[in-house]
Every structure is written in structure tokens, then in C-alpha cells.
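**Q** The file below is run_0.cif, mmCIF, C-alpha atoms; chains and numbers go by the auth columns:
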```
data_entry
loop_
_atom_site.group_PDB
_atom_site.id
_atom_site.type_symbol
_atom_site.label_atom_id
_atom_site.label_comp_id
_atom_site.label_asym_id
_atom_site.label_seq_id
_atom_site.Cartn_x
_atom_site.Cartn_y
_atom_site.Cartn_z
_atom_site.B_iso_or_equiv
_atom_site.auth_seq_id
_atom_site.auth_asym_id
ATOM 1 C CA MET A 1 -19.312 -9.500 -3.569 0.00 262 A
ATOM 2 C CA SER A 2 -17.293 -6.291 -3.832 0.00 263 A
ATOM 3 C CA ILE A 3 -16.305 -4.364 -0.714 0.00 264 A
ATOM 4 C CA LYS A 4 -15.894 -0.588 -0.963 0.00 265 A
ATOM 5 C CA LEU A 5 -12.461 0.377 0.346 0.00 266 A
ATOM 6 C CA PHE A 6 -12.302 4.135 -0.241 0.00 267 A
ATOM 7 C CA SER A 7 -13.253 6.947 -2.607 0.00 268 A
ATOM 8 C CA LEU A 8 -10.855 7.899 -5.402 0.00 269 A
ATOM 9 C CA SER A 9 -10.883 11.472 -4.098 0.00 270 A
ATOM 10 C CA ALA A 10 -9.107 10.257 -0.926 0.00 271 A
ATOM 11 C CA LEU A 11 -6.015 9.178 -2.900 0.00 272 A
ATOM 12 C CA PRO A 12 -4.012 11.899 -4.656 0.00 273 A
ATOM 13 C CA GLU A 13 -1.470 11.141 -7.372 0.00 274 A
ATOM 14 C CA GLY A 14 1.837 10.238 -5.697 0.00 275 A
ATOM 15 C CA GLY A 15 0.122 9.714 -2.350 0.00 276 A
ATOM 16 C CA ALA A 16 -1.137 6.926 -0.136 0.00 277 A
ATOM 17 C CA VAL A 17 -4.278 6.233 1.871 0.00 278 A
ATOM 18 C CA SER A 18 -5.024 3.816 4.732 0.00 279 A
ATOM 19 C CA PHE A 19 -8.167 1.689 4.906 0.00 280 A
ATOM 20 C CA SER A 20 -9.446 -1.490 6.502 0.00 281 A
ATOM 21 C CA TYR A 21 -9.698 -4.724 4.518 0.00 282 A
ATOM 22 C CA LYS A 22 -11.153 -7.896 6.065 0.00 283 A
ATOM 23 C CA ASN A 23 -10.500 -6.467 9.536 0.00 284 A
ATOM 24 C CA GLN A 24 -6.838 -5.819 8.693 0.00 285 A
ATOM 25 C CA PRO A 25 -5.057 -2.509 8.193 0.00 286 A
ATOM 26 C CA ALA A 26 -4.315 -1.886 4.521 0.00 287 A
ATOM 27 C CA PHE A 27 -3.199 0.911 2.222 0.00 288 A
ATOM 28 C CA ALA A 28 -3.092 2.003 -1.388 0.00 289 A
ATOM 29 C CA VAL A 29 -0.634 4.100 -3.372 0.00 290 A
ATOM 30 C CA LYS A 30 -1.404 5.983 -6.579 0.00 291 A
ATOM 31 C CA ARG A 31 1.428 6.250 -9.091 0.00 292 A
ATOM 32 C CA ASP A 32 1.138 7.397 -12.710 0.00 293 A
ATOM 33 C CA GLY A 33 -2.642 7.047 -12.497 0.00 294 A
ATOM 34 C CA GLU A 34 -2.514 3.414 -11.319 0.00 295 A
ATOM 35 C CA ILE A 35 -3.545 2.266 -7.845 0.00 296 A
ATOM 36 C CA PHE A 36 -1.655 -0.449 -5.969 0.00 297 A
ATOM 37 C CA ALA A 37 -3.140 -1.852 -2.742 0.00 298 A
ATOM 38 C CA TYR A 38 -1.519 -3.967 -0.028 0.00 299 A
ATOM 39 C CA VAL A 39 -2.141 -5.329 3.442 0.00 300 A
ATOM 40 C CA ASN A 40 -0.350 -2.977 5.862 0.00 301 A
ATOM 41 C CA SER A 41 2.068 -5.513 7.324 0.00 302 A
ATOM 42 C CA CYS A 42 5.834 -5.698 6.895 0.00 303 A
ATOM 43 C CA PRO A 43 6.905 -9.217 5.866 0.00 304 A
ATOM 44 C CA HIS A 44 9.866 -9.000 8.265 0.00 305 A
ATOM 45 C CA LEU A 45 8.080 -8.324 11.577 0.00 306 A
ATOM 46 C CA GLY A 46 4.371 -8.308 10.681 0.00 307 A
ATOM 47 C CA ILE A 47 3.978 -4.718 11.906 0.00 308 A
ATOM 48 C CA PRO A 48 2.353 -1.707 10.189 0.00 309 A
ATOM 49 C CA LEU A 49 4.572 0.135 7.708 0.00 310 A
ATOM 50 C CA GLU A 50 3.598 3.787 7.985 0.00 311 A
ATOM 51 C CA TRP A 51 5.442 6.607 9.726 0.00 312 A
ATOM 52 C CA GLN A 52 2.225 8.523 10.354 0.00 313 A
ATOM 53 C CA GLU A 53 -1.307 8.046 9.085 0.00 314 A
ATOM 54 C CA ASN A 54 -1.251 7.762 5.268 0.00 315 A
ATOM 55 C CA ASN A 55 2.549 8.219 5.182 0.00 316 A
ATOM 56 C CA PHE A 56 3.947 5.079 3.541 0.00 317 A
ATOM 57 C CA LEU A 57 6.475 6.432 1.051 0.00 318 A
ATOM 58 C CA ASP A 58 10.147 7.353 1.242 0.00 319 A
ATOM 59 C CA ASP A 59 11.208 11.009 1.070 0.00 320 A
ATOM 60 C CA ASP A 60 11.309 10.922 -2.745 0.00 321 A
ATOM 61 C CA GLY A 61 7.876 9.277 -3.043 0.00 322 A
ATOM 62 C CA GLU A 62 9.416 6.534 -5.169 0.00 323 A
ATOM 63 C CA LEU A 63 9.247 3.538 -2.813 0.00 324 A
ATOM 64 C CA ILE A 64 7.147 2.202 0.056 0.00 325 A
ATOM 65 C CA GLN A 65 9.206 2.348 3.245 0.00 326 A
ATOM 66 C CA CYS A 66 8.815 0.512 6.550 0.00 327 A
ATOM 67 C CA ALA A 67 8.997 3.014 9.415 0.00 328 A
ATOM 68 C CA THR A 68 10.490 0.486 11.834 0.00 329 A
ATOM 69 C CA HIS A 69 13.571 -0.761 10.017 0.00 330 A
ATOM 70 C CA GLY A 70 13.668 1.185 6.742 0.00 331 A
ATOM 71 C CA ALA A 71 12.976 -1.688 4.353 0.00 332 A
ATOM 72 C CA LEU A 72 12.093 -0.440 0.864 0.00 333 A
ATOM 73 C CA PHE A 73 9.426 -1.929 -1.403 0.00 334 A
ATOM 74 C CA LEU A 74 8.578 -1.346 -5.067 0.00 335 A
ATOM 75 C CA ILE A 75 5.213 0.395 -5.371 0.00 336 A
ATOM 76 C CA GLU A 76 4.150 -1.618 -8.425 0.00 337 A
ATOM 77 C CA THR A 77 4.880 -5.110 -7.059 0.00 338 A
ATOM 78 C CA GLY A 78 5.344 -4.832 -3.294 0.00 339 A
ATOM 79 C CA GLU A 79 8.742 -6.556 -3.577 0.00 340 A
ATOM 80 C CA CYS A 80 11.236 -5.701 -0.851 0.00 341 A
ATOM 81 C CA ILE A 81 14.409 -4.463 -2.548 0.00 342 A
ATOM 82 C CA SER A 82 16.334 -3.336 0.544 0.00 343 A
ATOM 83 C CA GLY A 83 16.311 -4.349 4.188 0.00 344 A
ATOM 84 C CA PRO A 84 15.931 -7.505 6.284 0.00 345 A
ATOM 85 C CA CYS A 85 13.025 -8.806 4.185 0.00 346 A
ATOM 86 C CA ASN A 86 14.886 -8.445 0.861 0.00 347 A
ATOM 87 C CA GLY A 87 13.161 -10.515 -1.834 0.00 348 A
ATOM 88 C CA GLU A 88 9.911 -10.936 0.108 0.00 349 A
ATOM 89 C CA HIS A 89 6.653 -9.206 -0.911 0.00 350 A
ATOM 90 C CA LEU A 90 3.841 -7.219 0.615 0.00 351 A
ATOM 91 C CA GLN A 91 0.486 -9.008 0.362 0.00 352 A
ATOM 92 C CA PRO A 92 -1.427 -7.440 -2.564 0.00 353 A
ATOM 93 C CA ILE A 93 -5.138 -6.693 -2.572 0.00 354 A
ATOM 94 C CA ASN A 94 -6.954 -7.047 -5.894 0.00 355 A
ATOM 95 C CA ILE A 95 -9.028 -3.960 -6.576 0.00 356 A
ATOM 96 C CA ASN A 96 -11.585 -2.630 -9.055 0.00 357 A
ATOM 97 C CA ILE A 97 -12.527 0.972 -9.705 0.00 358 A
ATOM 98 C CA ILE A 98 -16.236 1.557 -10.187 0.00 359 A
ATOM 99 C CA ALA A 99 -17.356 5.129 -10.842 0.00 360 A
ATOM 100 C CA GLN A 100 -15.409 7.152 -8.243 0.00 361 A
ATOM 101 C CA ASP A 101 -14.849 4.395 -5.690 0.00 362 A
ATOM 102 C CA VAL A 102 -12.261 1.646 -5.143 0.00 363 A
ATOM 103 C CA PHE A 103 -13.513 -1.845 -4.282 0.00 364 A
ATOM 104 C CA ALA A 104 -11.837 -5.107 -3.316 0.00 365 A
ATOM 105 C CA GLU A 105 -12.521 -7.952 -5.732 0.00 366 A
#
```
Please, can you express the file's structure as C-alpha cells?

**A**
Amino acid sequence: MSIKLFSLSALPEGGAVSFSYKNQPAFAVKRDGEIFAYVNSCPHLGIPLEWQENNFLDDDGELIQCATHGALFLIETGECISGPCNGEHLQPININIIAQDVFAE
């Protein structure tokens, strides 16, 4: 059974959007037309990543950044490449796009 997460119109290119997934905070980032979705929990402390609502990216919009300790994660894989959780990963969410909506698999 697919669960609708959000509408494609809520996620601009180069942006991020928050949503709830299985009663957990989650988010998605759109980069080069692809959407990457993760549980919103830093592997280091288990706390939400965003600075403000829907604000998950560094100043250049190139990496996901943890607001608490500045850890940096690759958008495409969720791998931490800098910070206290170096080498760990964000928990991915498998998604499908159907018409103009994004669903969890």
C-alpha cells in the first residue's frame, strides 16, 4: 500500500520539503530533477536536521546540513561526509512518483 507523502508542487528544484512518514518527521530534497527522501534524524544525536521549516541545505544548496552540529550529508546518498557522524548515513525512504504526487513504497 502506497502512502502519499506530498505533492510535487510543494518541492521546488534545489529545495527541500518536510513531511511525516510512519509518524516520524521526514524530508525530501529535489536536485537535478531527482527526489531524495530521508527520515529527519541526524545519525549522531537522533535529532531533527533543519534550521527552520523546510530548510535542510547548506548555504550553497549542495549538501544537507545538520543545524545542531554542522554535519554535512550528500544529497544523493545521505552519507555524512563531515562532522561527528562521518561515514554514517541518513535513513532513506523509498519513493514513487505517481501523476503529480510523491508516495512511499

**Q** Could you list, as a list in words, every residue within 8 Å of range 299-308 of chain A, counting only C-alpha atoms and ignoring same-chain residues fewer than 4 positions away?

**A**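 What passes the distance filter is Tyr282, Gln285, Pro286, Ala287, Phe288, Ala289, Cys327, Gly339, Pro345, Cys346, Glu349, His350, Leu351, Gln352, Pro353 and Ile354 of chain A.
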
**Q** If you measure from CA of Ala277 in chain A to CA of Val363 in chain A, what distance in Å do you get, rounded to one decimal?

**A** 13.3 Å

**Q** At what distance in Å, to one decimal, does CA of Ile264 in chain A lie from CA of Phe364 in chain A?

**A** 5.2 Å

**Q** Quick one, how far is CA of Ala332 in chain A from CA of Ile296 in chain A?

**A**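 These two atoms are separated by 20.9 Å.
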
**Q** Select, from A:Gly276, A:Phe334, A:Thr329, A:Gly294, the residue with the minimum atom-to-atom distance to Asn315 in chain A, counting all atoms listed in the file.

**A**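 Looking only at the distances to Asn315 in chain A, the closest residue turns out to be A:Gly276.
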
**Q** Once the PyMOL selection byres ((chain A and resi 362) around 7) has been evaluated on this model, what residues remain selected, and can you format them as a PyMOL selection string?

**A** chain A and resi 265+267-269+358-361+363-364

**Q** Choose the residue, out of A:Glu323, A:Leu266, A:Asn316, A:Asn355, that has the smallest atom-to-atom separation from Asp293 in chain A; count all atoms listed in the file.

**A**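 Answer, going by the shortest atom-to-atom distance: A:Glu323.
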
**Q** Which residue gives the smallest distance to Glu337 in chain A among A:Ile325, A:Leu272, A:Leu310, A:Ile356, with all atoms listed in the file counted?

**A**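 Among A:Ile325, A:Leu272, A:Leu310, A:Ile356, it is A:Ile325 that comes nearest to Glu337 in chain A.
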
**Q** Using only C-alpha atoms, find the one residue out of A:Ala328, A:Leu318, A:Ala298, A:Leu335 that sits nearest to Phe280 in chain A.

**A**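 Of all the options, A:Ala298 lies closest to Phe280 in chain A.
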
**Q** Go through A:Ser281, A:Gly348, A:Glu366, A:Gly275 and flag the residue nearest Leu324 in chain A, using only C-alpha atoms for the distances.

**A** A:Gly275

**Q** Which one of A:Glu311, A:Glu274, A:Asp319, A:Glu340 sits closest to Arg292 in chain A if you count only C-alpha atoms?

**A**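 Closest to Arg292 in chain A of all the choices is A:Glu274.
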